[in-house]
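S.K.: One structure coming up, written as structure tokens, with questions to follow.
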Amino acid sequence: MDVVIDFHMHMIAFEEIRPWVTEYRLRNLGSNAEAFLKKYSSAKEMDALLKENGIDYAIMLPATNPITAGICRTETVVEFCHNSERLIPFATVNPFMVANPAKHIEHYVRDLGCKGVKLYPPYQQYYPNDQLAYPIYAKAAELGVPVMFHTGSSVFKGSRLKFGDPLLLDDVAVDFPDLKLVMAHSGRGFWYDRAFFLARLHKNLYMEISGLPPQNLLTYFPELERNADKIIYGSDWPGMPHLKRNIEMVRSLPLKDETKDKILGLNAAKVLGIGDDLESTP
Ligand SMILES: [Zn+2]
């Protein structure tokens, strides 16, 4: 069995969290919500959860989105992942909150070992092709780490859809042809065709499918197989709590086995530069 990588997980514990995020989680998780949230605030429990769901590695994402969701600092994520064998930390930066975002990214990647960058333009309210963010891209390109963007809709109050249009990444892909770019949620809402076309057009632009019901993938992307090398699996846990069911739904799609292996892990491994020799964990 090939390696399985979940490219999109969030921490339970935030330093600050907007009340509607907590309400969303509680609503989504049902009657056991409080016990669930408490349990998975532990890295060891997260490892056990990943293992029992057949996930070899998972990306853990920080967030510095005070208007729309809350704050979970990169340092917090790095520390959490230190106590885990399966979690891989990403960095984030809010270009409105720090004077020199590129310097922060350099520190997170070089000194703290983050393997990529997550940006949230609809939550942080800038266009991804704004010059404001360009130093981040230049730094990520220099460091050789991927940049993932929230694209498409969000359920959280205050997020603005116009900043999540995948087309805005066309400029970034043109200006940084060697930088690996990932569209989280693949333009969720009414931009699926746009995300799909752009991922075919640009060599280093990838689609990530977290938050999308896997049984709908072929409705959203009828020619999915043609983009087999450019699609990355992610769950958006804990927003999507049923990890095993989600993966099984991908496996049950009428696609080549090879394509499913690529979606579930091999494409992510390539983007993360963690090698073709990667094995599933025992
Ligand atoms: Zn997410």
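Quick note on naming: the chains in the structure tokens go A, B, ... in the order shown, residues restart at 1 in each chain, and ligands are numbered from 1 in order of appearance.
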Report as a list in words all protein, DNA and RNA residues lying within 10 Å of Gly70 in chain A, evaluated on only C-alpha atoms, omitting residues in the same chain fewer than 3 positions from it.
M.R.: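 Listed by chain and then number, they are Phe14, Glu15, Glu16, Ile17, Arg18, Pro19, Val21, Pro62, Ala63, Thr64, Asn65, Pro66, Ile67, Arg73 and Tyr123 of chain A.
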S.K.: Collect all residues with atoms no farther than 8 Å from ligand 1, counting only C-alpha atoms and all ligand atoms, and output them as a list in words.
M.R.: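 If we count only C-alpha atoms and all ligand atoms, the neighbours of ligand 1 turn out to be His8, Met9, His10, Leu61, His150, Ala184, Ser210, Gly211, Asp236, Trp237 and Gly239 of chain A.
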S.K.: Put those residues in a file: N, CA and C atoms, as a PDB file, in the first residue's frame.
M.R.:
```pdb
ATOM      1  N   HIS A   8      -4.330  18.498   5.053  1.00  0.00           N
ATOM      2  CA  HIS A   8      -5.072  19.644   5.606  1.00  0.00           C
ATOM      3  C   HIS A   8      -5.750  19.302   6.926  1.00  0.00           C
ATOM      4  N   MET A   9      -5.052  19.576   8.019  1.00  0.00           N
ATOM      5  CA  MET A   9      -5.663  19.393   9.341  1.00  0.00           C
ATOM      6  C   MET A   9      -5.430  20.645  10.167  1.00  0.00           C
ATOM      7  N   HIS A  10      -6.385  20.896  11.058  1.00  0.00           N
ATOM      8  CA  HIS A  10      -6.256  22.053  11.953  1.00  0.00           C
ATOM      9  C   HIS A  10      -6.100  21.606  13.396  1.00  0.00           C
ATOM     10  N   LEU A  61      -1.888  22.692  10.296  1.00  0.00           N
ATOM     11  CA  LEU A  61      -1.877  24.084   9.839  1.00  0.00           C
ATOM     12  C   LEU A  61      -2.093  25.079  10.981  1.00  0.00           C
ATOM     13  N   HIS A 150      -5.977  29.189   0.931  1.00  0.00           N
ATOM     14  CA  HIS A 150      -7.413  28.922   1.007  1.00  0.00           C
ATOM     15  C   HIS A 150      -8.027  29.522  -0.257  1.00  0.00           C
ATOM     16  N   ALA A 184      -6.077  25.045  -1.796  1.00  0.00           N
ATOM     17  CA  ALA A 184      -6.907  24.311  -0.842  1.00  0.00           C
ATOM     18  C   ALA A 184      -8.370  24.486  -1.232  1.00  0.00           C
ATOM     19  N   SER A 210      -9.610  19.173   0.183  1.00  0.00           N
ATOM     20  CA  SER A 210     -10.187  19.129   1.533  1.00  0.00           C
ATOM     21  C   SER A 210     -11.512  19.871   1.585  1.00  0.00           C
ATOM     22  N   GLY A 211     -12.386  19.367   2.435  1.00  0.00           N
ATOM     23  CA  GLY A 211     -13.686  19.998   2.617  1.00  0.00           C
ATOM     24  C   GLY A 211     -14.688  19.691   1.511  1.00  0.00           C
ATOM     25  N   ASP A 236      -9.503  18.524   6.062  1.00  0.00           N
ATOM     26  CA  ASP A 236      -9.974  19.705   6.808  1.00  0.00           C
ATOM     27  C   ASP A 236     -10.484  19.322   8.204  1.00  0.00           C
ATOM     28  N   TRP A 237      -9.950  18.219   8.744  1.00  0.00           N
ATOM     29  CA  TRP A 237     -10.241  17.839  10.129  1.00  0.00           C
ATOM     30  C   TRP A 237      -9.909  19.009  11.064  1.00  0.00           C
ATOM     31  N   GLY A 239     -13.063  19.928  11.014  1.00  0.00           N
ATOM     32  CA  GLY A 239     -14.284  20.334  10.321  1.00  0.00           C
ATOM     33  C   GLY A 239     -14.938  19.141   9.639  1.00  0.00           C
TER      34      GLY A 239
END
```
S.K.: Just asking: which residues within range 18-220 of chain A are helix (DSSP H, G or I) according to DSSP, as a VMD selection string?
M.R.: chain A and resid 19 to 39 43 to 52 74 to 82 101 to 111 121 to 124 131 to 143 161 to 164 168 to 175 185 to 187 192 to 201 214 to 220
S.K.: Sorted by chain and rising residue number, which residues of range 156-248 of chain A lie within 9 Å of range 253-275 of chain A, and what are their closest atom pairs and distances in Å to one decimal, counting only C-alpha atoms, as JSON lines?
M.R.:
```
{"residue": "A:Lys180", "atom": "CA", "partner": "A:Val271", "partner_atom": "CA", "distance": 6.8}
{"residue": "A:Leu181", "atom": "CA", "partner": "A:Val271", "partner_atom": "CA", "distance": 8.8}
{"residue": "A:Val182", "atom": "CA", "partner": "A:Val271", "partner_atom": "CA", "distance": 8.9}
{"residue": "A:Asn204", "atom": "CA", "partner": "A:Val271", "partner_atom": "CA", "distance": 8.8}
{"residue": "A:Tyr206", "atom": "CA", "partner": "A:Val271", "partner_atom": "CA", "distance": 8.8}
{"residue": "A:Glu208", "atom": "CA", "partner": "A:Ile263", "partner_atom": "CA", "distance": 8.9}
{"residue": "A:Pro214", "atom": "CA", "partner": "A:Leu253", "partner_atom": "CA", "distance": 8.2}
{"residue": "A:Gln215", "atom": "CA", "partner": "A:Leu253", "partner_atom": "CA", "distance": 7.2}
{"residue": "A:Leu217", "atom": "CA", "partner": "A:Leu253", "partner_atom": "CA", "distance": 8.6}
{"residue": "A:Leu218", "atom": "CA", "partner": "A:Leu253", "partner_atom": "CA", "distance": 8.2}
{"residue": "A:Leu224", "atom": "CA", "partner": "A:Leu255", "partner_atom": "CA", "distance": 8.6}
{"residue": "A:Glu225", "atom": "CA", "partner": "A:Leu255", "partner_atom": "CA", "distance": 6.9}
{"residue": "A:Ala228", "atom": "CA", "partner": "A:Thr259", "partner_atom": "CA", "distance": 5.4}
{"residue": "A:Asp229", "atom": "CA", "partner": "A:Asn267", "partner_atom": "CA", "distance": 6.2}
{"residue": "A:Lys230", "atom": "CA", "partner": "A:Asn267", "partner_atom": "CA", "distance": 6.7}
{"residue": "A:Ile231", "atom": "CA", "partner": "A:Ile263", "partner_atom": "CA", "distance": 5.4}
{"residue": "A:Ile232", "atom": "CA", "partner": "A:Ile263", "partner_atom": "CA", "distance": 4.8}
{"residue": "A:Tyr233", "atom": "CA", "partner": "A:Leu264", "partner_atom": "CA", "distance": 5.1}
{"residue": "A:Gly234", "atom": "CA", "partner": "A:Leu264", "partner_atom": "CA", "distance": 8.2}
{"residue": "A:Ile247", "atom": "CA", "partner": "A:Leu264", "partner_atom": "CA", "distance": 7.8}
{"residue": "A:Glu248", "atom": "CA", "partner": "A:Leu253", "partner_atom": "CA", "distance": 8.9}
```
S.K.: Apply DSSP to the backbone of this structure and, from range 39-253 of chain A, keep only the residues in strand (DSSP E); write these as a PDB file with N, CA and C atoms, in the first residue's frame.
M.R.:
```
ATOM      1  N   TYR A  57       0.979  10.292   7.241  1.00  0.00           N
ATOM      2  CA  TYR A  57       1.443  11.636   7.609  1.00  0.00           C
ATOM      3  C   TYR A  57       0.306  12.631   7.401  1.00  0.00           C
ATOM      4  N   ALA A  58       0.346  13.711   8.176  1.00  0.00           N
ATOM      5  CA  ALA A  58      -0.667  14.763   8.003  1.00  0.00           C
ATOM      6  C   ALA A  58      -0.025  16.118   8.226  1.00  0.00           C
ATOM      7  N   ILE A  59      -0.472  17.071   7.443  1.00  0.00           N
ATOM      8  CA  ILE A  59      -0.015  18.456   7.597  1.00  0.00           C
ATOM      9  C   ILE A  59      -0.871  19.128   8.661  1.00  0.00           C
ATOM     10  N   MET A  60      -0.221  19.753   9.616  1.00  0.00           N
ATOM     11  CA  MET A  60      -0.943  20.508  10.641  1.00  0.00           C
ATOM     12  C   MET A  60      -0.754  22.000  10.346  1.00  0.00           C
ATOM     13  N   LEU A  61      -1.888  22.692  10.296  1.00  0.00           N
ATOM     14  CA  LEU A  61      -1.877  24.084   9.839  1.00  0.00           C
ATOM     15  C   LEU A  61      -2.093  25.079  10.981  1.00  0.00           C
ATOM     16  N   ALA A  63      -2.870  29.240  12.025  1.00  0.00           N
ATOM     17  CA  ALA A  63      -3.781  30.257  11.490  1.00  0.00           C
ATOM     18  C   ALA A  63      -3.572  31.551  12.264  1.00  0.00           C
ATOM     19  N   THR A  64      -3.363  32.637  11.549  1.00  0.00           N
ATOM     20  CA  THR A  64      -3.339  33.943  12.232  1.00  0.00           C
ATOM     21  C   THR A  64      -4.376  34.819  11.543  1.00  0.00           C
ATOM     22  N   ASN A  65      -5.638  34.486  11.850  1.00  0.00           N
ATOM     23  CA  ASN A  65      -6.793  35.096  11.184  1.00  0.00           C
ATOM     24  C   ASN A  65      -7.734  35.697  12.225  1.00  0.00           C
ATOM     25  N   GLY A  70      -9.490  33.024  14.161  1.00  0.00           N
ATOM     26  CA  GLY A  70      -8.764  33.066  15.420  1.00  0.00           C
ATOM     27  C   GLY A  70      -7.278  32.953  15.173  1.00  0.00           C
ATOM     28  N   ILE A  71      -6.559  32.687  16.257  1.00  0.00           N
ATOM     29  CA  ILE A  71      -5.107  32.626  16.174  1.00  0.00           C
ATOM     30  C   ILE A  71      -4.605  31.319  16.748  1.00  0.00           C
ATOM     31  N   CYS A  72      -3.848  30.620  15.919  1.00  0.00           N
ATOM     32  CA  CYS A  72      -3.123  29.438  16.360  1.00  0.00           C
ATOM     33  C   CYS A  72      -1.734  29.614  15.750  1.00  0.00           C
ATOM     34  N   LEU A  87       2.767  14.004  12.290  1.00  0.00           N
ATOM     35  CA  LEU A  87       2.324  15.358  11.929  1.00  0.00           C
ATOM     36  C   LEU A  87       3.474  16.198  11.389  1.00  0.00           C
ATOM     37  N   ILE A  88       3.202  16.909  10.321  1.00  0.00           N
ATOM     38  CA  ILE A  88       4.191  17.764   9.657  1.00  0.00           C
ATOM     39  C   ILE A  88       3.712  19.202   9.790  1.00  0.00           C
ATOM     40  N   PRO A  89       4.529  20.080  10.397  1.00  0.00           N
ATOM     41  CA  PRO A  89       4.051  21.458  10.595  1.00  0.00           C
ATOM     42  C   PRO A  89       4.211  22.337   9.358  1.00  0.00           C
ATOM     43  N   ALA A  91       3.844  26.587   8.225  1.00  0.00           N
ATOM     44  CA  ALA A  91       3.933  27.928   8.811  1.00  0.00           C
ATOM     45  C   ALA A  91       2.805  28.782   8.249  1.00  0.00           C
ATOM     46  N   THR A  92       2.469  29.834   8.949  1.00  0.00           N
ATOM     47  CA  THR A  92       1.596  30.838   8.349  1.00  0.00           C
ATOM     48  C   THR A  92       2.074  32.212   8.767  1.00  0.00           C
ATOM     49  N   VAL A 117       3.979  26.607   3.634  1.00  0.00           N
ATOM     50  CA  VAL A 117       3.325  27.823   4.124  1.00  0.00           C
ATOM     51  C   VAL A 117       1.846  27.741   3.759  1.00  0.00           C
ATOM     52  N   LYS A 118       0.978  28.130   4.704  1.00  0.00           N
ATOM     53  CA  LYS A 118      -0.451  28.231   4.403  1.00  0.00           C
ATOM     54  C   LYS A 118      -0.855  29.689   4.517  1.00  0.00           C
ATOM     55  N   LEU A 119      -1.523  30.196   3.501  1.00  0.00           N
ATOM     56  CA  LEU A 119      -2.048  31.563   3.526  1.00  0.00           C
ATOM     57  C   LEU A 119      -3.563  31.521   3.379  1.00  0.00           C
ATOM     58  N   VAL A 147       3.553  26.745  -1.120  1.00  0.00           N
ATOM     59  CA  VAL A 147       2.618  27.690  -0.499  1.00  0.00           C
ATOM     60  C   VAL A 147       1.197  27.226  -0.828  1.00  0.00           C
ATOM     61  N   MET A 148       0.408  27.015   0.215  1.00  0.00           N
ATOM     62  CA  MET A 148      -0.980  26.628   0.032  1.00  0.00           C
ATOM     63  C   MET A 148      -1.882  27.813   0.377  1.00  0.00           C
ATOM     64  N   PHE A 149      -2.927  27.984  -0.436  1.00  0.00           N
ATOM     65  CA  PHE A 149      -3.882  29.090  -0.265  1.00  0.00           C
ATOM     66  C   PHE A 149      -5.259  28.545   0.029  1.00  0.00           C
ATOM     67  N   HIS A 150      -5.977  29.189   0.931  1.00  0.00           N
ATOM     68  CA  HIS A 150      -7.413  28.922   1.007  1.00  0.00           C
ATOM     69  C   HIS A 150      -8.027  29.522  -0.257  1.00  0.00           C
ATOM     70  N   LEU A 181       2.555  25.703  -5.742  1.00  0.00           N
ATOM     71  CA  LEU A 181       1.372  26.382  -5.211  1.00  0.00           C
ATOM     72  C   LEU A 181       0.241  25.368  -5.095  1.00  0.00           C
ATOM     73  N   VAL A 182      -0.487  25.454  -4.012  1.00  0.00           N
ATOM     74  CA  VAL A 182      -1.577  24.500  -3.775  1.00  0.00           C
ATOM     75  C   VAL A 182      -2.862  25.267  -3.495  1.00  0.00           C
ATOM     76  N   MET A 183      -3.930  24.918  -4.235  1.00  0.00           N
ATOM     77  CA  MET A 183      -5.232  25.556  -4.023  1.00  0.00           C
ATOM     78  C   MET A 183      -6.057  24.692  -3.072  1.00  0.00           C
ATOM     79  N   ALA A 184      -6.077  25.045  -1.796  1.00  0.00           N
ATOM     80  CA  ALA A 184      -6.907  24.311  -0.842  1.00  0.00           C
ATOM     81  C   ALA A 184      -8.370  24.486  -1.232  1.00  0.00           C
ATOM     82  N   LEU A 205       1.216  24.267 -10.121  1.00  0.00           N
ATOM     83  CA  LEU A 205      -0.011  24.628  -9.408  1.00  0.00           C
ATOM     84  C   LEU A 205      -0.869  23.370  -9.204  1.00  0.00           C
ATOM     85  N   TYR A 206      -1.192  23.093  -7.949  1.00  0.00           N
ATOM     86  CA  TYR A 206      -1.904  21.868  -7.565  1.00  0.00           C
ATOM     87  C   TYR A 206      -3.268  22.188  -6.983  1.00  0.00           C
ATOM     88  N   MET A 207      -4.183  21.222  -7.097  1.00  0.00           N
ATOM     89  CA  MET A 207      -5.492  21.307  -6.448  1.00  0.00           C
ATOM     90  C   MET A 207      -5.477  20.450  -5.194  1.00  0.00           C
ATOM     91  N   GLU A 208      -6.106  20.938  -4.152  1.00  0.00           N
ATOM     92  CA  GLU A 208      -6.245  20.139  -2.933  1.00  0.00           C
ATOM     93  C   GLU A 208      -7.743  20.075  -2.634  1.00  0.00           C
ATOM     94  N   ILE A 231      -3.630  16.481  -8.149  1.00  0.00           N
ATOM     95  CA  ILE A 231      -4.694  16.531  -7.146  1.00  0.00           C
ATOM     96  C   ILE A 231      -4.209  15.914  -5.837  1.00  0.00           C
ATOM     97  N   ILE A 232      -4.449  16.634  -4.744  1.00  0.00           N
ATOM     98  CA  ILE A 232      -3.918  16.253  -3.430  1.00  0.00           C
ATOM     99  C   ILE A 232      -5.067  16.083  -2.447  1.00  0.00           C
TER     100      ILE A 232
END
```
S.K.: May I ask for the distance between CA of Phe197 in chain A and CA of Leu179 in chain A, given in Å to one decimal place?
M.R.: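 Separation between CA of Phe197 in chain A and CA of Leu179 in chain A: 18.1 Å.
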S.K.: Would you kindly return, as a list in words, each protein, DNA or RNA residue with an atom no farther than 12 Å from any atom of Asn53 in chain A, considering only C-alpha atoms and excluding same-chain residues fewer than 4 positions away?
M.R.: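 Returned residues: Val4, Ile5, Asp6, Met46, Asp47, Ala48, Leu49, Tyr57, Ala58, Ser235, Pro241, His242, Leu243, Lys244, Arg245, Asn246, Ile247 and Glu248 of chain A.
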S.K.: Can I get the selection written as a PDB file, in the first residue's frame, with C-alpha atoms?
M.R.:
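Heads up, here's the output in selection_7.pdb:
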```
ATOM      1  CA  VAL A   4      -1.405   8.154   2.632  1.00  0.00           C
ATOM      2  CA  ILE A   5      -0.997  11.844   3.430  1.00  0.00           C
ATOM      3  CA  ASP A   6      -3.687  14.191   4.718  1.00  0.00           C
ATOM      4  CA  MET A  46      -3.623  12.599  17.192  1.00  0.00           C
ATOM      5  CA  ASP A  47      -0.969  10.045  16.192  1.00  0.00           C
ATOM      6  CA  ALA A  48      -3.212   7.222  17.356  1.00  0.00           C
ATOM      7  CA  LEU A  49      -6.130   8.707  15.422  1.00  0.00           C
ATOM      8  CA  TYR A  57       1.443  11.636   7.609  1.00  0.00           C
ATOM      9  CA  ALA A  58      -0.667  14.763   8.003  1.00  0.00           C
ATOM     10  CA  SER A 235      -9.670  16.314   5.037  1.00  0.00           C
ATOM     11  CA  PRO A 241     -14.235  14.462  11.404  1.00  0.00           C
ATOM     12  CA  HIS A 242     -14.782  11.139   9.565  1.00  0.00           C
ATOM     13  CA  LEU A 243     -11.286  10.428   8.327  1.00  0.00           C
ATOM     14  CA  LYS A 244     -11.603   6.779   7.358  1.00  0.00           C
ATOM     15  CA  ARG A 245     -14.937   7.210   5.618  1.00  0.00           C
ATOM     16  CA  ASN A 246     -13.553  10.106   3.586  1.00  0.00           C
ATOM     17  CA  ILE A 247     -10.545   8.112   2.403  1.00  0.00           C
ATOM     18  CA  GLU A 248     -12.695   5.089   1.593  1.00  0.00           C
TER      19      GLU A 248
END
```
S.K.: So how far away is CA of Asn83 in chain A from CA of Thr68 in chain A, in Å?
M.R.: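 Atom-to-atom, CA of Thr68 in chain A to CA of Asn83 in chain A, that is 28.6 Å.
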S.K.: Report the distance between CA of Thr151 in chain A and CA of Asp165 in chain A in Å, rounded to one decimal place.
M.R.: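 A separation of 6.1 Å between them.
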S.K.: When you count only C-alpha atoms, which of these residues is closest to Ala99 in chain A: A:Val145, A:Ala69, A:Cys114, A:Ile136?
M.R.: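 Comparing A:Val145, A:Ala69, A:Cys114, A:Ile136 against Ala99 in chain A, the winner is A:Ile136.
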